[in-house]
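Taking it in order: structure first as structure tokens, then the write-up.
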Amino acid sequence: MRHYRAQTAFFFCLAGLIFLIGSVALTAEPGRTHFVDLDGDGFDDNATDSDNDGIPEFSKQPSSGSQVSDNDSDFKSLADFSLPGLTATEETSTSAKFKGLQFSARSLMRNRCSLDSDAAFGPGNGIGMSSMSGGMVCAGGVCQPR
Amino acid sequence: MSTSLRRFRKYLFTVLLTVSSVIFALDASADLKVDFSSSGGYTENLLSDSSAIKDSYSTVRASINYYPFSKLELNINNGYTYYGKTSDLSNFVGGVGLRFIPTAANSRFSLLVNGAFSSQAYRDSYSQFNTDNYDFGLSLGYRLFSRLQLRSGVSYNSLIYTNYVGADKKTFKLFAGFNATLPGNFSLDVESGYATMGYKRIRESIRFIYIYNPFTPIDSSWTDDRLKSFYISPRLSRQLGAKTGVSVMYT
């Protein structure tokens, strides 16, 4: 009986996934920048936030960072390590290019995977320097073991 | 590590930051961003426990981000926090890190590699809290359609107490998920992951701990253990306006 229920649940999950992918694929218009909300805050995460104030510049859309196309040009640029030049401008500087890459990888910078008791599996518990205080109780900049 | 070297480590990142600043200042073509900040405050409970220690604190930080080429960011940072009454808790935090994104900005496939090392050093009377922290992460993403993105990643963290035995932790995380935008600007984000942490805990047979010095390292009191976590976390959210949204998450 339990085996039958597991099979039924698996079937429904698979059907739901196929329905989901199908509906998303049918409604996607190639070449158009769609609304995407990666963190559930209601903001369009395809909109750029050039001043890093947490609020995207909706009036300046579409920006270079939001050019999401389905063309695959991907692996060609794996070896494109262009060095900064003396004539680098704000737009062509390596830091500006890196910022563009960061935008393309923005969905990778957050996950809900954490073992901290106060983390509540919320966003922002990602990899990197933010986990410096892992396993510690911190307040006012001071940390101590739990 | 020798005692003199341990004493020096709190100044290591200050020296690194200064040397880097001088080198980069001499190189007119270097693409770098320098950031200085200071902050202060007062807390009613410094340690978030029953001690309820009230104290003021002030922090100064400096960091340099350097971009040797467009796919790599290097970072050196250093900070010092000073506490008014409990000045022995004052501490240095310094670190180095990198982020590497080898894929193109308009690529379906994205890859992020990051690594960091940081060190926190307190004054001698609290030096048992000194830590070294190592981070490594690798994340992959693939845009199946413009409204459906897949992601997966691993991360590893090692927290080492340099002057204390028994509180070190090694954490490994693995996660995978997808984000889909449904008709009506509904967003469905499903993530599943597994995390495991190796740590030391006090044996069940130990009934009493000397309360005035609970951190005294007695090797026989400790045993290795492992905490494991598996989760599936679906989240459904919807845009209410251009700058407002609502989300429901269940884990």
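We name chains A, B, ... following the order of the structure tokens; residues begin at 1 in each chain, and ligands are numbered from 1 as shown.
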
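Residues in contact with Thr131 (chain B) at 8 Å, where only C-alpha atoms are counted and same-chain residues fewer than 6 positions away are skipped, are listed as Ser119, Gln120, Ala121, Leu159, Ile160, Tyr161 and Thr162 of chain B.
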
Among the residues of region 5-239 of chain B, find those DSSP assigns to alpha helix (DSSP H) from the backbone and print them as a list of chain:residue names.
B:Leu5, B:Arg6, B:Arg7, B:Phe8, B:Arg9, B:Lys10, B:Tyr11, B:Leu12, B:Phe13, B:Thr14, B:Val15, B:Leu16, B:Leu17, B:Thr18, B:Val19, B:Ser20, B:Ser21, B:Val22, B:Ile23, B:Phe24, B:Ala25, B:Leu26

Restricted to N, CA and C atoms, what would the selected residues look like written as a CSV table (one decimal), in the first residue's frame?
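Output saved as result21.csv:
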```
chain,number,residue,atom,x,y,z
B,5,LEU,N,54.7,34.5,15.8
B,5,LEU,CA,54.0,34.6,14.5
B,5,LEU,C,52.5,34.8,14.8
B,6,ARG,N,52.0,34.1,15.8
B,6,ARG,CA,50.5,34.3,16.2
B,6,ARG,C,50.2,35.8,16.5
B,7,ARG,N,51.2,36.4,17.2
B,7,ARG,CA,51.0,37.8,17.6
B,7,ARG,C,51.0,38.7,16.3
B,8,PHE,N,51.8,38.3,15.4
B,8,PHE,CA,51.9,39.1,14.2
B,8,PHE,C,50.7,38.9,13.3
B,9,ARG,N,50.0,37.8,13.3
B,9,ARG,CA,48.9,37.6,12.4
B,9,ARG,C,47.8,38.6,12.4
B,10,LYS,N,47.6,39.3,13.6
B,10,LYS,CA,46.6,40.3,13.7
B,10,LYS,C,47.0,41.5,12.9
B,11,TYR,N,48.3,41.7,12.6
B,11,TYR,CA,48.7,42.8,11.8
B,11,TYR,C,48.9,42.5,10.3
B,12,LEU,N,48.8,41.1,10.1
B,12,LEU,CA,49.1,40.6,8.7
B,12,LEU,C,48.3,41.3,7.6
B,13,PHE,N,47.0,41.4,7.8
B,13,PHE,CA,46.2,42.0,6.8
B,13,PHE,C,46.3,43.5,6.7
B,14,THR,N,46.7,44.2,7.8
B,14,THR,CA,46.9,45.6,7.7
B,14,THR,C,48.2,45.8,6.8
B,15,VAL,N,49.2,45.0,7.0
B,15,VAL,CA,50.4,45.1,6.2
B,15,VAL,C,50.1,44.8,4.8
B,16,LEU,N,49.4,43.7,4.6
B,16,LEU,CA,49.0,43.3,3.2
B,16,LEU,C,48.2,44.4,2.5
B,17,LEU,N,47.3,45.0,3.2
B,17,LEU,CA,46.5,46.1,2.6
B,17,LEU,C,47.3,47.3,2.3
B,18,THR,N,48.2,47.6,3.2
B,18,THR,CA,49.1,48.8,2.9
B,18,THR,C,50.0,48.6,1.7
B,19,VAL,N,50.6,47.4,1.7
B,19,VAL,CA,51.5,47.1,0.6
B,19,VAL,C,50.8,47.0,-0.7
B,20,SER,N,49.6,46.4,-0.7
B,20,SER,CA,48.8,46.4,-1.9
B,20,SER,C,48.4,47.8,-2.4
B,21,SER,N,48.1,48.6,-1.5
B,21,SER,CA,47.7,50.0,-1.8
B,21,SER,C,48.8,50.7,-2.5
B,22,VAL,N,50.0,50.5,-2.0
B,22,VAL,CA,51.2,51.2,-2.5
B,22,VAL,C,51.5,50.7,-3.9
B,23,ILE,N,51.5,49.3,-4.1
B,23,ILE,CA,51.7,48.7,-5.4
B,23,ILE,C,50.7,49.1,-6.4
B,24,PHE,N,49.4,49.1,-6.0
B,24,PHE,CA,48.4,49.5,-7.0
B,24,PHE,C,48.5,51.0,-7.3
B,25,ALA,N,48.8,51.8,-6.4
B,25,ALA,CA,48.9,53.2,-6.6
B,25,ALA,C,50.0,53.5,-7.6
B,26,LEU,N,51.1,52.7,-7.7
B,26,LEU,CA,52.1,52.9,-8.6
B,26,LEU,C,51.8,52.4,-10.0
```

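Of the listed residues (B:Glu44, B:Asp225, B:Asp135, B:Asp35), B:Asp135 comes nearest to chain A; the distances count only C-alpha atoms.
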
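Counting only C-alpha atoms and comparing A:Phe10, A:Ser107, A:Gly100, A:Ser93, the residue that lies closest to Asp37 (chain A) is A:Ser107.
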
Contacts between chain A and chain B, please, where a residue of chain B counts if it comes within 6 Å (with only C-alpha atoms); show its shortest atom pair and distance in Å to one decimal, rows by chain and ascending number, as JSON lines.
```
{"residue": "B:Ser29", "atom": "CA", "partner": "A:Leu86", "partner_atom": "CA", "distance": 5.2}
{"residue": "B:Leu46", "atom": "CA", "partner": "A:Ala139", "partner_atom": "CA", "distance": 5.4}
{"residue": "B:Leu47", "atom": "CA", "partner": "A:Ala139", "partner_atom": "CA", "distance": 5.6}
{"residue": "B:Tyr67", "atom": "CA", "partner": "A:Ser95", "partner_atom": "CA", "distance": 5.9}
{"residue": "B:Phe69", "atom": "CA", "partner": "A:Leu83", "partner_atom": "CA", "distance": 5.0}
{"residue": "B:Ser70", "atom": "CA", "partner": "A:Thr94", "partner_atom": "CA", "distance": 4.3}
{"residue": "B:Lys71", "atom": "CA", "partner": "A:Phe98", "partner_atom": "CA", "distance": 5.6}
{"residue": "B:Pro102", "atom": "CA", "partner": "A:Leu78", "partner_atom": "CA", "distance": 5.4}
{"residue": "B:Thr103", "atom": "CA", "partner": "A:Leu78", "partner_atom": "CA", "distance": 5.6}
{"residue": "B:Ala104", "atom": "CA", "partner": "A:Asp74", "partner_atom": "CA", "distance": 5.7}
{"residue": "B:Ala105", "atom": "CA", "partner": "A:Leu101", "partner_atom": "CA", "distance": 4.8}
{"residue": "B:Ser107", "atom": "CA", "partner": "A:Asp74", "partner_atom": "CA", "distance": 4.5}
{"residue": "B:Ser110", "atom": "CA", "partner": "A:Ala105", "partner_atom": "CA", "distance": 5.8}
{"residue": "B:Ser139", "atom": "CA", "partner": "A:Leu108", "partner_atom": "CA", "distance": 5.8}
{"residue": "B:Ser237", "atom": "CA", "partner": "A:Gly40", "partner_atom": "CA", "distance": 5.2}
{"residue": "B:Gln239", "atom": "CA", "partner": "A:Gly42", "partner_atom": "CA", "distance": 4.2}
{"residue": "B:Lys243", "atom": "CA", "partner": "A:Phe43", "partner_atom": "CA", "distance": 5.6}
{"residue": "B:Thr244", "atom": "CA", "partner": "A:Gly42", "partner_atom": "CA", "distance": 5.2}
{"residue": "B:Gly245", "atom": "CA", "partner": "A:Gly42", "partner_atom": "CA", "distance": 3.6}
{"residue": "B:Ser247", "atom": "CA", "partner": "A:Gly40", "partner_atom": "CA", "distance": 5.6}
```

Can you work out the spacing between CA of Leu240 (chain B) and CA of Ser152 (chain B) in Å, to one decimal?
28.7 Å
